[in-house]
Amino acid sequence: MTTAAGLQTVVTVPARFRGPEGIANGGWIAGTVSEALNGADHGSAVEVTLHAPTPLETPLDLRQLANTATLTHGETLLVEAIDVAEEIEAPEFVPFADAARAELGFPGLAAHAFPDCFVCGLRAPGDGLRIFPGPVGDAELVAAGWRVPMTAADEGGSVPDAIVWAALDCATGWAHFGPGESALLGR
């Protein structure tokens, strides 16, 4: 939820969008700050750096100035987004059926460091996104057959940027660790 407050915006991250217990999902907050930078019209790539954990259910200051957007809690810089001149390559295409089969190998089903994560956690259908990336055959690639829940789309049926960024964040993390391992992406 956002409300105008002078030249800045106050953002409060609902508890639903948590990653690790008590903090925002990094991808969700990165997408939120990125959207503040460019709105719905992304004319360039955006680089987002997570400087500190973003608390949930806490009023935070979101500021946009020129080609930078920042999210702060008091004097603490939490997130910074900047426009970058960079070409982004699409990942290798994986047919949906293969991606859905890959979910059976999702390491988080055996052991998950953040089982309540909004994106890759084992939450009830509709509460979380339930994206379970697993290895695709013998390739060094993970994929998931994401079925977008109605609760993730806006009134027009579009998926907000923050949800897309969240989906990409967790899948990227699971490409690098196995059951019981964890890491949090910072950029």
# chains A, B, ... in the order shown; residues from 1 in each chain; ligands from 1
$ select_by_dssp --residues "chain A" --states "strand (DSSP E or B)" --output "JSON, numbers by chain"
{"A": [2, 3, 4, 5, 8, 9, 10, 11, 18, 23, 24, 45, 46, 47, 48, 49, 50, 55, 60, 61, 62, 63, 64, 65, 68, 69, 70, 71, 72, 73, 76, 77, 78, 79, 80, 81, 82, 83, 84, 125, 128, 134, 135, 142, 143]}
$ write_last_selection --atoms "N, CA and C atoms" --output "tab-separated table (two decimals), in the first residue's frame"
chain	number	residue	atom	x	y	z
A	2	THR	N	0.57	2.22	-0.84
A	2	THR	CA	1.36	3.43	-0.90
A	2	THR	C	0.46	4.64	-0.76
A	3	THR	N	0.99	5.67	-0.15
A	3	THR	CA	0.28	6.94	-0.06
A	3	THR	C	1.28	8.05	-0.28
A	4	ALA	N	0.85	9.12	-0.90
A	4	ALA	CA	1.75	10.23	-1.17
A	4	ALA	C	2.10	10.95	0.12
A	5	ALA	N	3.35	11.36	0.23
A	5	ALA	CA	3.82	12.10	1.40
A	5	ALA	C	4.85	13.11	0.94
A	8	GLN	N	8.02	12.28	-1.52
A	8	GLN	CA	8.34	10.87	-1.35
A	8	GLN	C	7.05	10.09	-1.21
A	9	THR	N	7.18	8.78	-1.23
A	9	THR	CA	6.04	7.89	-1.07
A	9	THR	C	6.30	7.01	0.15
A	10	VAL	N	5.28	6.76	0.92
A	10	VAL	CA	5.41	5.86	2.05
A	10	VAL	C	4.91	4.49	1.60
A	11	VAL	N	5.74	3.47	1.79
A	11	VAL	CA	5.42	2.10	1.40
A	11	VAL	C	5.42	1.23	2.65
A	18	ARG	N	6.48	-11.85	2.41
A	18	ARG	CA	7.73	-12.14	3.12
A	18	ARG	C	8.58	-13.14	2.34
A	23	ILE	N	11.02	-10.50	7.09
A	23	ILE	CA	11.51	-9.52	6.11
A	23	ILE	C	10.87	-9.76	4.74
A	24	ALA	N	10.89	-8.72	3.93
A	24	ALA	CA	10.26	-8.78	2.60
A	24	ALA	C	11.03	-9.71	1.67
A	45	ALA	N	17.02	-1.14	-18.74
A	45	ALA	CA	17.19	-2.16	-17.69
A	45	ALA	C	17.38	-1.43	-16.37
A	46	VAL	N	17.06	-2.12	-15.29
A	46	VAL	CA	17.19	-1.55	-13.95
A	46	VAL	C	18.04	-2.49	-13.11
A	47	GLU	N	19.00	-1.91	-12.39
A	47	GLU	CA	19.82	-2.68	-11.46
A	47	GLU	C	19.38	-2.31	-10.06
A	48	VAL	N	19.01	-3.32	-9.28
A	48	VAL	CA	18.54	-3.09	-7.92
A	48	VAL	C	19.51	-3.74	-6.95
A	49	THR	N	19.91	-2.98	-5.93
A	49	THR	CA	20.80	-3.51	-4.90
A	49	THR	C	20.06	-3.48	-3.57
A	50	LEU	N	20.04	-4.64	-2.89
A	50	LEU	CA	19.43	-4.74	-1.58
A	50	LEU	C	20.56	-4.53	-0.56
A	55	PRO	N	12.01	-4.55	6.42
A	55	PRO	CA	11.02	-5.05	7.39
A	55	PRO	C	9.61	-5.05	6.83
A	60	LEU	N	7.92	2.77	5.28
A	60	LEU	CA	9.23	2.99	4.70
A	60	LEU	C	9.14	4.14	3.70
A	61	ASP	N	10.24	4.85	3.50
A	61	ASP	CA	10.27	5.98	2.57
A	61	ASP	C	10.82	5.55	1.22
A	62	LEU	N	10.02	5.74	0.17
A	62	LEU	CA	10.42	5.45	-1.20
A	62	LEU	C	10.58	6.79	-1.92
A	63	ARG	N	11.80	7.05	-2.39
A	63	ARG	CA	12.09	8.31	-3.08
A	63	ARG	C	12.61	8.03	-4.47
A	64	GLN	N	12.21	8.89	-5.41
A	64	GLN	CA	12.70	8.79	-6.78
A	64	GLN	C	13.29	10.13	-7.17
A	65	LEU	N	14.52	10.13	-7.65
A	65	LEU	CA	15.19	11.34	-8.10
A	65	LEU	C	16.02	11.00	-9.32
A	68	THR	N	17.44	7.37	-10.19
A	68	THR	CA	17.63	6.56	-8.99
A	68	THR	C	16.36	6.53	-8.14
A	69	ALA	N	16.08	5.38	-7.57
A	69	ALA	CA	15.00	5.26	-6.59
A	69	ALA	C	15.61	4.58	-5.36
A	70	THR	N	15.22	5.05	-4.18
A	70	THR	CA	15.73	4.45	-2.95
A	70	THR	C	14.58	4.16	-2.00
A	71	LEU	N	14.79	3.14	-1.18
A	71	LEU	CA	13.86	2.79	-0.11
A	71	LEU	C	14.65	2.83	1.17
A	72	THR	N	14.16	3.61	2.13
A	72	THR	CA	14.87	3.75	3.40
A	72	THR	C	13.93	3.53	4.57
A	73	HIS	N	14.53	3.18	5.71
A	73	HIS	CA	13.82	3.08	6.98
A	73	HIS	C	14.60	3.99	7.92
A	76	THR	N	18.46	4.42	7.42
A	76	THR	CA	19.04	3.20	6.86
A	76	THR	C	18.60	3.00	5.42
A	77	LEU	N	19.57	2.93	4.51
A	77	LEU	CA	19.29	2.63	3.10
A	77	LEU	C	19.01	1.13	2.99
A	78	LEU	N	17.83	0.79	2.51
A	78	LEU	CA	17.45	-0.61	2.35
A	78	LEU	C	17.66	-1.09	0.92
A	79	VAL	N	17.16	-0.30	-0.04
A	79	VAL	CA	17.17	-0.71	-1.44
A	79	VAL	C	17.49	0.49	-2.31
A	80	GLU	N	18.26	0.24	-3.38
A	80	GLU	CA	18.56	1.29	-4.35
A	80	GLU	C	18.39	0.72	-5.75
A	81	ALA	N	17.72	1.46	-6.62
A	81	ALA	CA	17.52	1.05	-8.01
A	81	ALA	C	18.05	2.15	-8.92
A	82	ILE	N	18.77	1.74	-9.96
A	82	ILE	CA	19.28	2.70	-10.94
A	82	ILE	C	19.03	2.17	-12.34
A	83	ASP	N	18.82	3.09	-13.29
A	83	ASP	CA	18.74	2.71	-14.69
A	83	ASP	C	20.13	2.33	-15.16
A	84	VAL	N	20.23	1.32	-15.99
A	84	VAL	CA	21.51	0.91	-16.56
A	84	VAL	C	21.33	0.68	-18.06
A	125	PRO	N	-1.98	-23.01	-1.63
A	125	PRO	CA	-2.26	-22.45	-2.95
A	125	PRO	C	-3.09	-21.16	-2.81
A	128	GLY	N	0.61	-18.14	-1.48
A	128	GLY	CA	1.93	-17.89	-2.04
A	128	GLY	C	1.91	-18.27	-3.51
A	134	GLY	N	13.16	-26.81	-10.34
A	134	GLY	CA	13.98	-28.01	-10.24
A	134	GLY	C	14.83	-28.16	-11.48
A	135	PRO	N	15.79	-29.07	-11.45
A	135	PRO	CA	16.70	-29.24	-12.59
A	135	PRO	C	15.97	-29.78	-13.82
A	142	VAL	N	17.53	-24.70	-14.22
A	142	VAL	CA	16.34	-25.02	-13.44
A	142	VAL	C	15.15	-24.35	-14.08
A	143	ALA	N	13.99	-24.92	-13.87
A	143	ALA	CA	12.76	-24.36	-14.41
A	143	ALA	C	11.60	-24.79	-13.54
$ residues_around --residues "segment 26-36 of chain A" --least-positions-apart "2" --cutoff "6 Å" --atoms "only C-alpha atoms" --output "short mmCIF file (atom, residue, chain, number, x, y, z; two decimals) with all heavy atoms, in the first residue's frame"
data_model
loop_
_atom_site.label_atom_id
_atom_site.label_comp_id
_atom_site.auth_asym_id
_atom_site.auth_seq_id
_atom_site.Cartn_x
_atom_site.Cartn_y
_atom_site.Cartn_z
N ALA A 24 10.89 -8.72 3.93
CA ALA A 24 10.26 -8.78 2.60
C ALA A 24 11.03 -9.71 1.67
O ALA A 24 12.25 -9.83 1.76
CB ALA A 24 10.21 -7.38 1.99
N ASN A 38 10.72 3.61 -12.89
CA ASN A 38 10.31 3.73 -14.29
C ASN A 38 8.83 3.63 -14.55
O ASN A 38 8.40 3.71 -15.69
CB ASN A 38 11.02 2.64 -15.11
CG ASN A 38 12.47 2.96 -15.35
OD1 ASN A 38 12.82 4.09 -15.57
ND2 ASN A 38 13.30 1.94 -15.29
N GLY A 39 8.04 3.39 -13.54
CA GLY A 39 6.61 3.19 -13.77
C GLY A 39 6.38 1.95 -14.61
O GLY A 39 7.21 1.05 -14.65
N ALA A 81 17.72 1.46 -6.62
CA ALA A 81 17.52 1.05 -8.01
C ALA A 81 18.05 2.15 -8.92
O ALA A 81 17.82 3.33 -8.66
CB ALA A 81 16.04 0.81 -8.29
N ASP A 161 4.67 -5.93 -11.73
CA ASP A 161 6.13 -6.08 -11.80
C ASP A 161 6.71 -6.71 -10.55
O ASP A 161 7.61 -7.55 -10.62
CB ASP A 161 6.80 -4.71 -12.02
CG ASP A 161 6.65 -4.19 -13.43
OD1 ASP A 161 6.09 -4.92 -14.29
OD2 ASP A 161 7.08 -3.07 -13.68
N ALA A 162 6.23 -6.31 -9.38
CA ALA A 162 6.78 -6.84 -8.13
C ALA A 162 6.64 -8.36 -8.07
O ALA A 162 7.54 -9.05 -7.57
CB ALA A 162 6.11 -6.19 -6.93
N ILE A 163 5.56 -8.91 -8.59
CA ILE A 163 5.34 -10.36 -8.59
C ILE A 163 6.29 -11.03 -9.58
O ILE A 163 6.88 -12.08 -9.29
CB ILE A 163 3.88 -10.71 -8.92
CG1 ILE A 163 2.91 -10.06 -7.92
CG2 ILE A 163 3.67 -12.21 -9.04
CD1 ILE A 163 2.96 -10.62 -6.53
N TRP A 165 9.25 -9.88 -10.62
CA TRP A 165 10.59 -9.82 -10.04
C TRP A 165 10.74 -10.88 -8.95
O TRP A 165 11.78 -11.53 -8.84
CB TRP A 165 10.86 -8.43 -9.46
CG TRP A 165 11.30 -7.40 -10.45
CD1 TRP A 165 10.55 -6.87 -11.46
CD2 TRP A 165 12.57 -6.76 -10.52
NE1 TRP A 165 11.28 -5.93 -12.14
CE2 TRP A 165 12.53 -5.84 -11.57
CE3 TRP A 165 13.74 -6.86 -9.76
CZ2 TRP A 165 13.60 -5.04 -11.91
CZ3 TRP A 165 14.81 -6.06 -10.10
CH2 TRP A 165 14.75 -5.16 -11.17
N ALA A 166 9.73 -11.06 -8.13
CA ALA A 166 9.79 -12.06 -7.06
C ALA A 166 9.97 -13.46 -7.65
O ALA A 166 10.79 -14.25 -7.18
CB ALA A 166 8.52 -12.00 -6.21
N ASP A 169 13.50 -13.87 -8.82
CA ASP A 169 14.46 -13.86 -7.72
C ASP A 169 14.63 -15.26 -7.13
O ASP A 169 15.74 -15.78 -7.03
CB ASP A 169 14.00 -12.87 -6.66
CG ASP A 169 14.87 -12.86 -5.41
OD1 ASP A 169 16.11 -12.77 -5.54
OD2 ASP A 169 14.31 -12.94 -4.31
#
$ closest_residue --among "A:Leu185, A:Ala153, A:Ala167, A:Ala99" --to "Ile131 of chain A" --atoms "only C-alpha atoms"
A:Ala167
$ atom_distance --atom1 "atom CA of Glu103 of chain A" --atom2 "atom CA of Ser182 of chain A"
17.9 Å
$ atom_distance --atom1 "atom CA of Ala97 of chain A" --atom2 "atom CA of Leu141 of chain A"
14.9 Å
$ select_by_dssp --residues "segment 19-122 of chain A" --states "alpha helix (DSSP H)" --output "list in words"
Gly26, Gly27, Trp28, Ile29, Ala30, Gly31, Thr32, Val33, Ser34, Glu35, Ala36, Leu37, Asn38, Phe96, Ala97, Asp98, Ala99, Ala100, Arg101 and Ala102 of chain A
$ write_last_selection --atoms "N, CA, C and O atoms" --output "mmCIF file, in the first residue's frame"
data_model
loop_
_atom_site.group_PDB
_atom_site.id
_atom_site.type_symbol
_atom_site.label_atom_id
_atom_site.label_comp_id
_atom_site.auth_asym_id
_atom_site.auth_seq_id
_atom_site.Cartn_x
_atom_site.Cartn_y
_atom_site.Cartn_z
ATOM 1 N N GLY A 26 13.011 -10.446 -1.352
ATOM 2 C CA GLY A 26 13.913 -9.541 -2.058
ATOM 3 C C GLY A 26 13.458 -9.204 -3.466
ATOM 4 O O GLY A 26 13.548 -8.064 -3.910
ATOM 5 N N GLY A 27 12.967 -10.187 -4.195
ATOM 6 C CA GLY A 27 12.489 -9.927 -5.556
ATOM 7 C C GLY A 27 11.272 -9.023 -5.558
ATOM 8 O O GLY A 27 11.147 -8.123 -6.387
ATOM 9 N N TRP A 28 10.351 -9.252 -4.610
ATOM 10 C CA TRP A 28 9.142 -8.432 -4.551
ATOM 11 C C TRP A 28 9.496 -6.978 -4.263
ATOM 12 O O TRP A 28 8.996 -6.066 -4.927
ATOM 13 N N ILE A 29 10.399 -6.751 -3.307
ATOM 14 C CA ILE A 29 10.745 -5.378 -2.967
ATOM 15 C C ILE A 29 11.573 -4.741 -4.082
ATOM 16 O O ILE A 29 11.432 -3.552 -4.380
ATOM 17 N N ALA A 30 12.425 -5.524 -4.752
ATOM 18 C CA ALA A 30 13.197 -5.002 -5.883
ATOM 19 C C ALA A 30 12.263 -4.561 -7.007
ATOM 20 O O ALA A 30 12.448 -3.499 -7.606
ATOM 21 N N GLY A 31 11.241 -5.361 -7.297
ATOM 22 C CA GLY A 31 10.277 -4.993 -8.334
ATOM 23 C C GLY A 31 9.476 -3.764 -7.966
ATOM 24 O O GLY A 31 9.169 -2.920 -8.811
ATOM 25 N N THR A 32 9.138 -3.632 -6.688
ATOM 26 C CA THR A 32 8.392 -2.462 -6.216
ATOM 27 C C THR A 32 9.220 -1.195 -6.391
ATOM 28 O O THR A 32 8.723 -0.175 -6.889
ATOM 29 N N VAL A 33 10.492 -1.237 -6.011
ATOM 30 C CA VAL A 33 11.354 -0.059 -6.136
ATOM 31 C C VAL A 33 11.663 0.217 -7.606
ATOM 32 O O VAL A 33 11.687 1.372 -8.038
ATOM 33 N N SER A 34 11.860 -0.823 -8.403
ATOM 34 C CA SER A 34 12.097 -0.650 -9.840
ATOM 35 C C SER A 34 10.918 0.047 -10.507
ATOM 36 O O SER A 34 11.097 0.942 -11.335
ATOM 37 N N GLU A 35 9.710 -0.357 -10.144
ATOM 38 C CA GLU A 35 8.521 0.260 -10.737
ATOM 39 C C GLU A 35 8.415 1.732 -10.348
ATOM 40 O O GLU A 35 7.964 2.560 -11.131
ATOM 41 N N ALA A 36 8.844 2.079 -9.144
ATOM 42 C CA ALA A 36 8.843 3.486 -8.729
ATOM 43 C C ALA A 36 9.803 4.294 -9.587
ATOM 44 O O ALA A 36 9.586 5.481 -9.838
ATOM 45 N N LEU A 37 10.859 3.654 -10.056
ATOM 46 C CA LEU A 37 11.855 4.338 -10.881
ATOM 47 C C LEU A 37 11.327 4.612 -12.278
ATOM 48 O O LEU A 37 11.470 5.707 -12.803
ATOM 49 N N ASN A 38 10.719 3.613 -12.894
ATOM 50 C CA ASN A 38 10.312 3.730 -14.290
ATOM 51 C C ASN A 38 8.826 3.627 -14.552
ATOM 52 O O ASN A 38 8.403 3.707 -15.688
ATOM 53 N N PHE A 96 6.741 -25.815 -21.364
ATOM 54 C CA PHE A 96 6.008 -25.849 -20.099
ATOM 55 C C PHE A 96 5.979 -27.251 -19.484
ATOM 56 O O PHE A 96 6.181 -27.419 -18.288
ATOM 57 N N ALA A 97 5.726 -28.264 -20.289
ATOM 58 C CA ALA A 97 5.642 -29.631 -19.752
ATOM 59 C C ALA A 97 6.966 -30.042 -19.104
ATOM 60 O O ALA A 97 6.975 -30.671 -18.044
ATOM 61 N N ASP A 98 8.093 -29.680 -19.715
ATOM 62 C CA ASP A 98 9.406 -30.000 -19.140
ATOM 63 C C ASP A 98 9.633 -29.209 -17.849
ATOM 64 O O ASP A 98 10.185 -29.735 -16.877
ATOM 65 N N ALA A 99 9.221 -27.952 -17.859
ATOM 66 C CA ALA A 99 9.377 -27.123 -16.658
ATOM 67 C C ALA A 99 8.530 -27.673 -15.509
ATOM 68 O O ALA A 99 8.983 -27.746 -14.363
ATOM 69 N N ALA A 100 7.309 -28.090 -15.813
ATOM 70 C CA ALA A 100 6.434 -28.655 -14.782
ATOM 71 C C ALA A 100 7.018 -29.959 -14.225
ATOM 72 O O ALA A 100 6.972 -30.204 -13.021
ATOM 73 N N ARG A 101 7.604 -30.788 -15.099
ATOM 74 C CA ARG A 101 8.243 -32.034 -14.637
ATOM 75 C C ARG A 101 9.450 -31.736 -13.752
ATOM 76 O O ARG A 101 9.727 -32.450 -12.793
ATOM 77 N N ALA A 102 10.167 -30.660 -14.067
ATOM 78 C CA ALA A 102 11.365 -30.294 -13.291
ATOM 79 C C ALA A 102 11.012 -29.998 -11.837
ATOM 80 O O ALA A 102 11.842 -30.188 -10.946
#
$ residues_around --residues "Thr151 of chain A" --least-positions-apart "3" --cutoff "10 Å" --atoms "only C-alpha atoms" --output "compact mmCIF listing (two decimals) with N, CA, C and O atoms, in the first residue's frame"
# COMPACT_ATOMS: atom_id res chain seq x y z
N PRO A 125 -1.98 -23.01 -1.63
CA PRO A 125 -2.26 -22.45 -2.95
C PRO A 125 -3.09 -21.16 -2.81
O PRO A 125 -4.02 -21.09 -2.03
N GLY A 126 -2.71 -20.14 -3.55
CA GLY A 126 -3.39 -18.86 -3.50
C GLY A 126 -2.80 -17.90 -2.50
O GLY A 126 -2.92 -16.69 -2.63
N ASP A 127 -2.15 -18.42 -1.45
CA ASP A 127 -1.50 -17.57 -0.45
C ASP A 127 -0.11 -17.18 -0.94
O ASP A 127 0.29 -16.04 -0.83
N GLY A 128 0.61 -18.14 -1.48
CA GLY A 128 1.93 -17.89 -2.04
C GLY A 128 1.91 -18.27 -3.51
O GLY A 128 0.92 -18.79 -4.03
N LEU A 129 3.04 -18.01 -4.19
CA LEU A 129 3.11 -18.32 -5.62
C LEU A 129 3.42 -19.79 -5.89
O LEU A 129 3.13 -20.29 -6.97
N VAL A 148 0.11 -18.98 -12.70
CA VAL A 148 -0.13 -17.73 -11.98
C VAL A 148 -1.47 -17.80 -11.26
O VAL A 148 -2.52 -17.94 -11.90
N ASP A 154 -3.66 -8.42 -11.02
CA ASP A 154 -4.48 -7.27 -10.66
C ASP A 154 -5.89 -7.42 -11.25
O ASP A 154 -6.19 -8.45 -11.87
N GLU A 155 -6.72 -6.40 -11.08
CA GLU A 155 -8.12 -6.48 -11.53
C GLU A 155 -8.23 -6.73 -13.03
O GLU A 155 -9.19 -7.34 -13.50
N GLY A 157 -6.18 -8.57 -14.78
CA GLY A 157 -5.58 -9.85 -15.13
C GLY A 157 -4.09 -9.79 -15.39
O GLY A 157 -3.48 -10.81 -15.71
N VAL A 159 -0.07 -9.32 -14.32
CA VAL A 159 0.77 -9.64 -13.18
C VAL A 159 1.66 -8.43 -12.90
O VAL A 159 2.43 -8.03 -13.76
$ residues_around --residues "Asp116 of chain A" --least-positions-apart "3" --cutoff "12 Å" --atoms "only C-alpha atoms" --output "list in words"
Ala15, Arg16, Phe17, Arg18, Gly19, Pro20, Glu21, Gly22, Ile23, Ala24, Asn25, Gly108, His112, Ala113, Val119, Cys120, Gly121, Leu122, Arg123, Ala124, Asp127, Gly128, Leu129 and Arg130 of chain A
$ atom_distance --atom1 "atom CA of Val13 of chain A" --atom2 "atom CA of Glu75 of chain A"
18.0 Å
